[in-house]
$ cat query-v5.cif   # mmCIF, C-alpha atoms
data_run
loop_
_atom_site.label_atom_id
_atom_site.label_comp_id
_atom_site.auth_asym_id
_atom_site.auth_seq_id
_atom_site.Cartn_x
_atom_site.Cartn_y
_atom_site.Cartn_z
CA MET A 1190 -2.62 -40.76 -3.56
CA ASN A 1191 -0.51 -39.07 -0.89
CA LEU A 1192 0.77 -39.86 2.56
CA MET A 1193 -2.07 -38.06 4.30
CA ASN A 1194 -4.61 -40.50 2.82
CA MET A 1195 -3.11 -43.37 4.80
CA MET A 1196 -4.61 -42.12 8.02
CA GLY A 1197 -8.11 -42.81 6.86
CA ASN A 1198 -8.08 -46.30 8.38
CA PRO A 1199 -10.65 -46.31 11.24
CA MET A 1200 -9.03 -49.29 12.96
CA LEU A 1201 -5.70 -47.56 13.16
CA ARG A 1202 -7.41 -44.55 14.62
CA GLN A 1203 -9.12 -46.75 17.18
CA ALA A 1204 -5.77 -48.37 18.04
CA MET A 1205 -4.20 -44.95 18.41
CA GLY A 1206 -6.99 -43.91 20.77
CA ALA A 1207 -6.57 -47.06 22.86
CA MET A 1208 -2.82 -46.56 23.04
CA MET A 1209 -3.33 -42.94 24.11
CA ARG A 1210 -5.70 -44.10 26.85
CA GLY A 1211 -3.04 -46.47 28.13
CA GLU A 1212 -4.76 -49.72 27.17
CA SER A 1213 -2.73 -52.82 26.39
CA PRO A 1214 -2.37 -53.83 22.74
CA GLN A 1215 -3.36 -57.43 23.54
CA ALA A 1216 -6.63 -56.37 25.17
CA PHE A 1217 -7.39 -54.02 22.28
CA LEU A 1218 -6.76 -56.70 19.64
CA LYS A 1219 -8.75 -59.34 21.50
CA ASN A 1220 -11.69 -56.96 21.76
CA LEU A 1221 -11.31 -56.08 18.10
CA ALA A 1222 -11.29 -59.79 17.17
CA ASN A 1223 -14.84 -60.13 18.46
CA THR A 1224 -16.15 -58.24 15.45
CA ASN A 1225 -13.39 -58.97 12.90
CA PRO A 1226 -12.89 -62.59 11.83
CA GLN A 1227 -9.46 -61.79 10.32
CA LEU A 1228 -8.10 -61.39 13.84
CA GLN A 1229 -9.60 -64.52 15.24
CA GLY A 1230 -7.20 -67.37 15.88
CA LEU A 1231 -4.12 -65.13 16.09
CA ASN A 1232 -1.76 -65.40 19.04
CA PHE A 1233 -1.88 -61.99 20.71
CA ASP A 1234 0.37 -63.14 23.51
CA ASP A 1235 3.27 -63.05 21.04
CA LEU A 1236 2.54 -59.90 19.09
CA GLU A 1237 6.01 -59.67 17.55
CA GLY A 1238 5.89 -63.25 16.24
CA THR A 1239 2.38 -62.79 14.96
CA ALA A 1240 3.32 -59.55 13.21
CA LYS A 1241 6.34 -61.20 11.58
CA THR A 1242 4.28 -64.10 10.36
CA LEU A 1243 1.60 -61.86 8.91
CA CYS A 1244 4.16 -59.69 7.17
CA GLU A 1245 5.86 -62.70 5.66
CA LYS A 1246 2.60 -64.17 4.45
CA ASN A 1247 1.58 -60.86 2.89
CA ASN A 1248 5.05 -60.21 1.48
CA VAL A 1249 5.48 -57.04 3.51
CA ASN A 1250 8.81 -55.77 4.82
CA MET A 1251 8.05 -55.49 8.54
CA ASN A 1252 10.94 -53.19 9.40
CA GLU A 1253 10.07 -50.84 6.58
CA LEU A 1254 6.42 -50.76 7.52
CA ALA A 1255 7.32 -50.19 11.19
CA ASP A 1256 9.49 -47.27 10.17
CA LYS A 1257 6.60 -45.81 8.20
CA ILE A 1258 4.27 -46.13 11.18
CA ARG A 1259 6.78 -44.44 13.47
CA GLU A 1260 7.36 -41.75 10.88
CA PHE A 1261 3.65 -40.99 10.67
CA ALA A 1262 3.29 -40.95 14.44
CA ASN A 1263 6.25 -38.62 14.88
CA SER A 1264 4.98 -36.30 12.19
CA ASN A 1265 1.77 -35.67 14.23
CA ILE A 1266 -0.38 -37.05 11.46
CA ILE A 1267 -1.92 -39.63 13.80
CA MET B 305 -1.90 -39.05 28.11
CA GLY B 306 -1.03 -42.63 27.06
CA ASP B 307 1.97 -44.20 25.45
CA THR B 308 2.91 -42.68 22.10
CA THR B 309 6.32 -44.34 21.78
CA PHE B 310 4.96 -47.74 20.67
CA SER B 311 6.38 -49.44 23.71
CA GLY B 312 4.73 -52.50 25.24
CA GLY B 313 4.09 -54.14 21.90
CA TRP B 314 1.87 -51.44 20.39
CA ILE B 315 4.07 -51.20 17.32
CA PHE B 316 3.32 -54.87 16.58
CA ALA B 317 -0.37 -54.28 17.14
CA PHE B 318 -0.22 -51.48 14.56
CA LEU B 319 1.70 -53.76 12.24
CA ILE B 320 -0.94 -56.47 12.50
CA ILE B 321 -3.75 -53.99 11.89
CA ALA B 322 -1.89 -52.37 9.05
CA VAL B 323 -1.23 -55.68 7.31
CA LEU B 324 -4.72 -57.10 7.79
CA PHE B 325 -6.74 -53.92 7.37
CA GLY B 326 -4.33 -51.78 5.40
CA GLY B 327 -6.83 -51.38 2.60
CA GLY B 328 -8.65 -48.83 4.70
CA GLY B 329 -5.78 -46.48 5.15
CA PHE B 330 -2.13 -47.44 5.30
CA GLY B 331 -2.48 -49.50 2.22
CA PHE B 332 0.15 -52.08 2.99
CA GLY B 333 -1.07 -55.44 1.74
CA GLY B 334 -4.68 -56.46 1.38
CA ASN B 335 -6.77 -54.86 -1.33
CA ALA B 336 -5.50 -51.34 -0.91
CA ALA B 337 -4.90 -50.79 -4.58
CA ALA B 338 -8.33 -52.12 -5.46
CA ALA B 339 -9.88 -49.81 -2.86
CA GLY B 340 -8.11 -46.84 -4.41
CA LEU B 341 -5.98 -46.27 -1.32
CA ALA B 342 -2.24 -45.94 -0.90
CA THR B 343 -0.15 -49.01 -1.55
CA MET B 344 3.47 -49.61 -0.62
CA ALA B 345 4.37 -48.50 -4.11
CA ASP B 346 2.41 -45.29 -3.55
CA VAL B 347 4.27 -44.64 -0.32
CA ASN B 348 7.63 -45.26 -1.94
CA ALA B 349 6.62 -43.10 -4.88
CA ALA B 350 5.51 -40.34 -2.51
CA ILE B 351 8.80 -40.48 -0.63
CA ALA B 352 10.74 -40.56 -3.88
CA ASN B 353 8.69 -37.61 -5.07
CA GLN B 354 9.54 -35.72 -1.89
CA THR B 355 13.21 -36.50 -2.45
CA THR B 356 12.86 -35.30 -6.01
CA GLN B 357 11.11 -32.14 -4.81
CA ASN B 358 13.93 -31.48 -2.37
CA ALA B 359 16.49 -32.02 -5.11
CA LEU B 360 14.57 -29.70 -7.44
CA GLY B 361 14.41 -27.14 -4.66
CA GLN B 362 18.17 -27.33 -4.26
CA ILE B 363 18.60 -27.00 -8.02
CA ALA B 364 16.24 -24.02 -8.09
CA LEU B 365 18.13 -22.42 -5.19
CA SER B 366 21.44 -23.07 -6.90
CA SER B 367 20.05 -21.65 -10.13
CA ALA B 368 18.78 -18.58 -8.31
CA ASN B 369 22.17 -18.08 -6.71
CA ASN B 370 23.85 -18.49 -10.09
CA ASN B 371 21.40 -16.04 -11.63
CA TYR B 372 22.12 -13.56 -8.86
CA GLU B 373 25.86 -13.93 -9.34
CA THR B 374 25.44 -13.60 -13.10
CA ALA B 375 23.31 -10.51 -12.63
CA GLN B 376 25.95 -9.08 -10.35
CA LEU B 377 28.65 -9.77 -12.93
CA ILE B 378 26.56 -8.23 -15.71
CA SER B 379 25.79 -5.25 -13.52
CA GLY B 380 29.48 -4.80 -12.79
CA GLN B 381 30.35 -5.08 -16.47
CA ASN B 382 27.57 -2.69 -17.40
CA MET B 383 28.87 -0.22 -14.82
CA ALA B 384 32.39 -0.55 -16.23
CA MET B 385 31.06 -0.09 -19.78
CA MET B 386 29.02 2.94 -18.73
CA GLN B 387 32.03 4.44 -16.99
CA GLN B 388 34.17 3.80 -20.07
CA ALA B 389 31.48 5.28 -22.31
CA ASN B 390 31.22 8.28 -20.00
CA SER B 391 34.98 8.71 -20.09
CA ASP B 392 34.98 8.43 -23.89
CA LEU B 393 32.18 10.99 -24.09
CA ILE B 394 34.05 13.41 -21.85
CA ASN B 395 37.19 12.98 -23.96
CA ALA B 396 35.16 13.53 -27.13
CA ILE B 397 33.60 16.70 -25.69
CA GLN B 398 36.97 17.97 -24.59
CA GLY B 399 38.37 17.23 -28.05
CA PHE B 400 35.41 18.99 -29.63
CA ASN B 401 35.96 21.98 -27.36
CA GLN B 402 39.61 22.12 -28.39
CA VAL B 403 38.68 21.95 -32.06
CA SER B 404 35.99 24.59 -31.53
CA SER B 405 38.50 26.82 -29.76
CA SER B 406 40.97 26.36 -32.61
CA ILE B 407 38.28 27.20 -35.14
CA GLN B 408 37.34 30.32 -33.21
CA THR B 409 40.98 31.33 -33.03
CA GLY B 410 41.23 30.80 -36.77
CA PHE B 411 38.10 32.84 -37.35
CA ALA B 412 39.49 35.63 -35.18
CA SER B 413 42.67 35.60 -37.24
CA VAL B 414 40.71 35.62 -40.47
CA ASN B 415 38.54 38.47 -39.20
CA GLN B 416 41.64 40.43 -38.26
CA ASN B 417 43.11 39.80 -41.69
CA ILE B 418 39.86 40.89 -43.30
CA ALA B 419 39.88 44.02 -41.19
CA ASN B 420 43.49 44.67 -42.18
CA LEU B 421 42.61 44.05 -45.79
CA GLY B 422 39.71 46.48 -45.50
CA PHE B 423 42.04 49.05 -44.03
CA GLN B 424 44.52 48.45 -46.81
CA LEU B 425 41.73 48.75 -49.37
CA ASP B 426 40.61 52.02 -47.81
CA LYS B 427 44.16 53.31 -47.80
CA CYS B 428 44.71 52.17 -51.33
CA CYS B 429 41.48 53.84 -52.43
CA CYS B 430 42.49 56.99 -50.61
CA ASP B 431 45.90 56.91 -52.24
CA ILE B 432 44.32 56.42 -55.65
CA LYS B 433 41.93 59.32 -55.06
CA THR B 434 44.79 61.46 -53.81
CA THR B 435 46.88 60.57 -56.82
CA LEU B 436 43.99 61.31 -59.16
CA LEU B 437 43.34 64.62 -57.44
CA ASN B 438 47.01 65.46 -57.58
CA ASP B 439 47.09 64.58 -61.26
CA ARG B 440 44.03 66.70 -61.93
CA LEU B 441 45.51 69.49 -59.83
CA MET B 442 48.76 69.30 -61.71
CA ASP B 443 46.85 69.22 -64.97
CA ALA B 444 44.85 72.26 -63.94
CA GLN B 445 48.04 73.94 -62.78
CA THR B 446 49.62 73.19 -66.13
CA LYS B 447 46.63 74.53 -67.98
CA LEU B 448 46.61 77.62 -65.79
CA ASN B 449 50.29 78.17 -66.46
CA GLN B 450 49.63 77.77 -70.12
CA GLN B 451 46.88 80.38 -69.88
CA TYR B 452 49.17 82.67 -67.99
CA THR B 453 51.78 82.16 -70.66
CA ALA B 454 49.19 82.82 -73.37
CA ILE B 455 48.05 85.96 -71.60
CA SER B 456 51.59 87.14 -71.16
CA ASN B 457 52.34 86.46 -74.81
CA ALA B 458 49.18 88.32 -75.82
CA GLU B 459 50.07 91.29 -73.68
CA GLN B 460 53.57 91.33 -75.12
CA SER B 461 52.17 91.10 -78.62
CA GLN B 462 49.73 93.92 -77.84
CA TYR B 463 52.51 96.04 -76.44
CA ILE B 464 54.73 95.42 -79.41
CA LEU B 465 51.94 96.15 -81.83
CA GLY B 466 51.14 99.30 -79.86
CA GLN B 467 54.70 100.38 -80.08
CA LEU B 468 54.55 99.79 -83.82
CA GLY B 469 51.47 102.06 -84.05
CA THR B 470 49.14 99.45 -85.21
CA TYR B 471 45.97 99.13 -83.27
CA THR B 472 45.05 95.61 -82.27
CA PRO B 473 42.11 94.79 -80.06
CA ARG B 474 43.11 93.50 -76.63
CA ALA B 475 42.92 89.74 -76.45
CA ALA B 476 40.28 88.35 -74.20
CA VAL B 477 41.55 86.84 -71.04
CA LEU B 478 40.52 83.25 -70.73
#
$ encode --input "query-v5.cif" --output "C-alpha coordinates"
Amino acid sequence: MNLMNMMGNPMLRQAMGAMMRGESPQAFLKNLANTNPQLQGLNFDDLEGTAKTLCEKNNVNMNELADKIREFANSNII
Amino acid sequence: MGDTTFSGGWIFAFLIIAVLFGGGGFGFGGNAAAAGLATMADVNAAIANQTTQNALGQIALSSANNNYETAQLISGQNMAMMQQANSDLINAIQGFNQVSSSIQTGFASVNQNIANLGFQLDKCCCDIKTTLLNDRLMDAQTKLNQQYTAISNAEQSQYILGQLGTYTPRAAVL
(Lines of atoms letter the chains of each structure in order from A and count residues from 1; the text may use other names and numbers.)
(Lines give C-alpha, C1' and ligand atoms only; values in the text may rest on other atoms or scores of the structure.)
Protein backbone atom coordinates (compact mmCIF):
# COMPACT_ATOMS: atom_id res chain seq x y z
CA MET A 1 0.00 0.00 0.00
CA ASN A 2 1.54 3.32 -1.01
CA LEU A 3 0.59 6.96 -0.97
CA MET A 4 -0.61 6.94 -4.56
CA ASN A 5 -3.37 4.45 -3.70
CA MET A 6 -5.07 7.00 -1.48
CA MET A 7 -6.33 8.96 -4.44
CA GLY A 8 -8.61 6.18 -5.53
CA ASN A 9 -11.53 7.61 -3.53
CA PRO A 10 -14.18 8.75 -6.06
CA MET A 11 -15.81 11.14 -3.59
CA LEU A 12 -12.58 12.96 -3.00
CA ARG A 13 -12.13 13.25 -6.73
CA GLN A 14 -15.63 14.64 -7.05
CA ALA A 15 -14.91 17.14 -4.27
CA MET A 16 -11.71 18.17 -5.99
CA GLY A 17 -13.61 18.72 -9.22
CA ALA A 18 -16.25 20.83 -7.46
CA MET A 19 -13.58 22.89 -5.73
CA MET A 20 -11.81 23.44 -9.06
CA ARG A 21 -15.08 24.61 -10.59
CA GLY A 22 -15.48 27.15 -7.80
CA GLU A 23 -18.45 25.54 -6.08
CA SER A 24 -19.01 25.99 -2.36
CA PRO A 25 -18.16 23.08 -0.06
CA GLN A 26 -21.54 23.37 1.69
CA ALA A 27 -23.47 23.06 -1.57
CA PHE A 28 -21.32 20.12 -2.64
CA LEU A 29 -21.81 18.26 0.65
CA LYS A 30 -25.55 18.91 0.73
CA ASN A 31 -25.88 17.56 -2.79
CA LEU A 32 -23.73 14.58 -1.86
CA ALA A 33 -25.93 13.91 1.20
CA ASN A 34 -28.88 13.21 -1.08
CA THR A 35 -27.35 9.89 -2.09
CA ASN A 36 -25.18 9.14 0.97
CA PRO A 37 -26.96 8.59 4.30
CA GLN A 38 -23.69 9.03 6.24
CA LEU A 39 -23.80 12.73 5.44
CA GLN A 40 -27.40 13.26 6.33
CA GLY A 41 -28.05 15.12 9.56
CA LEU A 42 -24.64 16.82 9.62
CA ASN A 43 -24.37 20.56 10.09
CA PHE A 44 -22.71 21.84 6.91
CA ASP A 45 -23.06 25.42 8.01
CA ASP A 46 -20.27 24.79 10.54
CA LEU A 47 -17.89 22.65 8.54
CA GLU A 48 -14.98 23.10 10.94
CA GLY A 49 -17.03 22.03 13.96
CA THR A 50 -18.50 19.11 12.08
CA ALA A 51 -15.06 17.99 10.91
CA LYS A 52 -13.69 18.20 14.45
CA THR A 53 -16.55 16.18 15.84
CA LEU A 54 -16.20 13.49 13.20
CA CYS A 55 -12.47 13.25 13.73
CA GLU A 56 -12.90 12.92 17.46
CA LYS A 57 -15.55 10.25 17.10
CA ASN A 58 -13.38 8.29 14.68
CA ASN A 59 -10.23 8.84 16.73
CA VAL A 60 -8.51 10.71 13.91
CA ASN A 61 -5.98 13.50 14.42
CA MET A 62 -7.60 16.29 12.41
CA ASN A 63 -4.50 18.44 12.08
CA GLU A 64 -2.44 15.51 10.90
CA LEU A 65 -5.04 14.45 8.40
CA ALA A 66 -5.39 18.04 7.14
CA ASP A 67 -1.65 18.19 6.64
CA LYS A 68 -1.78 14.97 4.64
CA ILE A 69 -4.55 16.34 2.42
CA ARG A 70 -2.61 19.54 1.80
CA GLU A 71 0.52 17.54 1.13
CA PHE A 72 -1.24 15.43 -1.49
CA ALA A 73 -2.79 18.48 -3.11
CA ASN A 74 0.53 20.30 -3.27
CA SER A 75 2.27 17.27 -4.70
CA ASN A 76 -0.07 17.36 -7.77
CA ILE A 77 -1.40 13.92 -6.97
CA ILE A 78 -4.98 15.22 -6.85
CA MET B 1 -9.67 27.49 -12.55
CA GLY B 2 -11.19 27.14 -9.05
CA ASP B 3 -9.78 27.35 -5.59
CA THR B 4 -6.95 24.91 -4.91
CA THR B 5 -5.81 26.43 -1.62
CA PHE B 6 -8.60 24.89 0.49
CA SER B 7 -9.94 28.27 1.42
CA GLY B 8 -13.63 28.83 2.13
CA GLY B 9 -13.96 25.69 4.20
CA TRP B 10 -12.99 23.17 1.51
CA ILE B 11 -10.33 21.66 3.74
CA PHE B 12 -13.06 20.74 6.25
CA ALA B 13 -15.20 19.32 3.49
CA PHE B 14 -12.27 17.10 2.48
CA LEU B 15 -11.78 16.16 6.12
CA ILE B 16 -15.41 15.11 6.47
CA ILE B 17 -15.28 13.07 3.27
CA ALA B 18 -11.97 11.54 4.21
CA VAL B 19 -13.21 10.49 7.65
CA LEU B 20 -16.57 9.15 6.50
CA PHE B 21 -15.52 7.66 3.17
CA GLY B 22 -11.82 7.14 3.72
CA GLY B 23 -12.15 3.44 3.03
CA GLY B 24 -12.31 4.23 -0.65
CA GLY B 25 -9.03 6.02 -0.88
CA PHE B 26 -7.42 8.05 1.87
CA GLY B 27 -7.96 5.29 4.31
CA PHE B 28 -8.32 7.38 7.41
CA GLY B 29 -10.95 5.78 9.63
CA GLY B 30 -13.82 3.65 8.43
CA ASN B 31 -13.09 0.21 7.05
CA ALA B 32 -10.01 1.12 5.07
CA ALA B 33 -7.95 -1.75 6.37
CA ALA B 34 -10.73 -4.22 5.69
CA ALA B 35 -11.07 -2.85 2.15
CA GLY B 36 -7.35 -3.36 1.58
CA LEU B 37 -6.71 0.37 1.24
CA ALA B 38 -4.26 2.63 3.01
CA THR B 39 -4.80 3.24 6.69
CA MET B 40 -3.23 5.91 8.87
CA ALA B 41 -0.65 3.34 9.87
CA ASP B 42 0.09 2.73 6.19
CA VAL B 43 0.57 6.43 5.60
CA ASN B 44 2.87 6.78 8.58
CA ALA B 45 4.75 3.68 7.52
CA ALA B 46 5.08 5.06 3.99
CA ILE B 47 6.41 8.37 5.29
CA ALA B 48 8.75 6.58 7.67
CA ASN B 49 9.88 4.41 4.77
CA GLN B 50 10.58 7.52 2.72
CA THR B 51 12.58 8.95 5.60
CA THR B 52 14.46 5.67 5.84
CA GLN B 53 15.08 5.71 2.09
CA ASN B 54 16.45 9.23 2.33
CA ALA B 55 18.70 8.21 5.21
CA LEU B 56 19.88 5.16 3.28
CA GLY B 57 20.55 7.39 0.29
CA GLN B 58 22.66 9.67 2.45
CA ILE B 59 24.50 6.65 3.84
CA ALA B 60 25.07 5.29 0.34
CA LEU B 61 26.32 8.69 -0.81
CA SER B 62 28.60 8.95 2.20
CA SER B 63 29.83 5.42 1.57
CA ALA B 64 30.48 6.24 -2.08
CA ASN B 65 32.41 9.34 -1.08
CA ASN B 66 34.41 7.31 1.44
CA ASN B 67 35.07 4.66 -1.19
CA TYR B 68 36.24 7.34 -3.61
CA GLU B 69 38.53 8.85 -1.00
CA THR B 70 39.83 5.40 -0.09
CA ALA B 71 40.42 4.62 -3.75
CA GLN B 72 42.27 7.89 -4.11
CA LEU B 73 44.43 7.07 -1.10
CA ILE B 74 45.15 3.58 -2.40
CA SER B 75 45.92 4.97 -5.82
CA GLY B 76 48.32 7.47 -4.30
CA GLN B 77 49.99 4.77 -2.23
CA ASN B 78 50.19 2.48 -5.23
CA MET B 79 51.78 5.28 -7.23
CA ALA B 80 54.30 5.88 -4.44
CA MET B 81 55.03 2.14 -4.23
CA MET B 82 55.43 1.91 -8.00
CA GLN B 83 57.76 4.91 -8.01
CA GLN B 84 59.77 3.37 -5.16
CA ALA B 85 59.87 0.03 -6.96
CA ASN B 86 60.94 1.79 -10.16
CA SER B 87 63.66 3.63 -8.27
CA ASP B 88 64.82 0.37 -6.66
CA LEU B 89 64.86 -1.31 -10.06
CA ILE B 90 66.91 1.51 -11.58
CA ASN B 91 69.37 1.31 -8.67
CA ALA B 92 69.59 -2.46 -9.07
CA ILE B 93 70.24 -2.13 -12.81
CA GLN B 94 72.87 0.51 -12.20
CA GLY B 95 74.48 -1.72 -9.59
CA PHE B 96 74.37 -4.64 -11.99
CA ASN B 97 75.95 -2.50 -14.69
CA GLN B 98 78.74 -1.52 -12.31
CA VAL B 99 79.34 -5.14 -11.36
CA SER B 100 79.25 -6.14 -15.03
CA SER B 101 81.74 -3.40 -15.86
CA SER B 102 84.01 -4.57 -13.05
CA ILE B 103 83.77 -8.15 -14.28
CA GLN B 104 84.63 -7.06 -17.81
CA THR B 105 87.57 -5.07 -16.51
CA GLY B 106 88.70 -8.14 -14.59
CA PHE B 107 88.31 -10.29 -17.67
CA ALA B 108 90.33 -7.81 -19.70
CA SER B 109 93.07 -7.94 -17.09
CA VAL B 110 92.98 -11.72 -17.04
CA ASN B 111 93.10 -11.83 -20.84
CA GLN B 112 96.08 -9.49 -20.82
CA ASN B 113 97.80 -11.66 -18.25
CA ILE B 114 97.06 -14.75 -20.32
CA ALA B 115 98.46 -13.01 -23.38
CA ASN B 116 101.55 -12.03 -21.39
CA LEU B 117 101.85 -15.57 -20.12
CA GLY B 118 101.57 -16.87 -23.67
CA PHE B 119 104.29 -14.49 -24.74
CA GLN B 120 106.44 -15.59 -21.85
CA LEU B 121 105.79 -19.22 -22.73
CA ASP B 122 106.76 -18.56 -26.34
CA LYS B 123 109.90 -16.77 -25.23
CA CYS B 124 110.72 -19.48 -22.78
CA CYS B 125 110.20 -22.13 -25.45
CA CYS B 126 112.35 -20.15 -27.83
CA ASP B 127 115.05 -19.79 -25.21
CA ILE B 128 114.93 -23.51 -24.50
CA LYS B 129 115.18 -24.32 -28.21
CA THR B 130 118.01 -21.84 -28.58
CA THR B 131 119.80 -23.33 -25.62
CA LEU B 132 119.31 -26.84 -26.96
CA LEU B 133 120.55 -25.80 -30.38
CA ASN B 134 123.51 -24.06 -28.82
CA ASP B 135 124.26 -27.15 -26.77
CA ARG B 136 124.01 -29.36 -29.83
CA LEU B 137 126.11 -26.88 -31.79
CA MET B 138 128.72 -26.82 -29.08
CA ASP B 139 128.62 -30.59 -28.92
CA ALA B 140 129.05 -30.82 -32.67
CA GLN B 141 131.82 -28.25 -32.49
CA THR B 142 133.50 -30.28 -29.79
CA LYS B 143 133.18 -33.45 -31.80
CA LEU B 144 134.50 -31.67 -34.87
CA ASN B 145 137.46 -30.37 -32.91
CA GLN B 146 138.07 -33.84 -31.65
CA GLN B 147 138.01 -35.13 -35.22
CA TYR B 148 140.37 -32.39 -36.27
CA THR B 149 142.63 -33.33 -33.41
CA ALA B 150 142.40 -37.01 -34.38
CA ILE B 151 143.19 -36.17 -37.97
CA SER B 152 146.10 -34.01 -36.95
CA ASN B 153 147.41 -36.74 -34.68
CA ALA B 154 147.03 -39.28 -37.48
CA GLU B 155 148.86 -37.07 -39.93
CA GLN B 156 151.63 -36.51 -37.41
CA SER B 157 151.83 -40.23 -36.75
CA GLN B 158 151.93 -40.90 -40.50
CA TYR B 159 154.65 -38.34 -40.96
CA ILE B 160 156.70 -39.72 -38.13
CA LEU B 161 156.28 -43.25 -39.38
CA GLY B 162 157.23 -42.07 -42.86
CA GLN B 163 160.32 -40.46 -41.51
CA LEU B 164 161.15 -43.73 -39.79
CA GLY B 165 160.82 -45.57 -43.13
CA THR B 166 157.97 -47.69 -42.15
CA TYR B 167 155.05 -47.64 -44.45
CA THR B 168 151.69 -47.15 -42.78
CA PRO B 169 148.47 -46.73 -44.71
CA ARG B 170 147.01 -43.24 -44.46
CA ALA B 171 144.24 -43.08 -41.89
CA ALA B 172 140.81 -42.45 -43.23
CA VAL B 173 139.46 -39.04 -42.57
CA LEU B 174 136.24 -39.21 -40.66
$ resolve_selection --input "query-v5.cif" --expression "the PyMOL selection byres ((chain A and resi 1203-1206) around 9)" --output "JSON, numbers by chain"
{"A": [1198, 1199, 1200, 1201, 1202, 1207, 1208, 1209, 1210, 1211, 1212, 1214, 1217, 1218, 1267], "B": [306, 308, 314, 317, 318, 321]}
$ atom_distance --input "query-v5.cif" --atom1 "atom CA of B:Leu377" --atom2 "atom CA of B:Leu360"
25.0 Å
$ resolve_selection --input "query-v5.cif" --expression "the PyMOL selection byres ((chain A and resi 1244) around 10)" --output "MDAnalysis selection string"
(chainID A and resid 1238:1243 1245:1252 1254) or (chainID B and resid 319:320 322:324 332:333)
$ atom_distance --input "query-v5.cif" --atom1 "atom CA of A:Asp1234" --atom2 "atom CA of A:Lys1219"
10.1 Å
$ atom_distance --input "query-v5.cif" --atom1 "atom CA of B:Gly326" --atom2 "atom CA of A:Asp1256"
15.3 Å
$ closest_residue --input "query-v5.cif" --among "A:Ala1216, A:Leu1236, A:Asn1225, A:Gly1230" --to "chain B" --atoms "only C-alpha atoms"
A:Leu1236
$ closest_residue --input "query-v5.cif" --among "A:Thr1224, A:Glu1253, A:Glu1237, A:Glu1260" --to "chain B" --atoms "all atoms listed in the file"
A:Glu1237
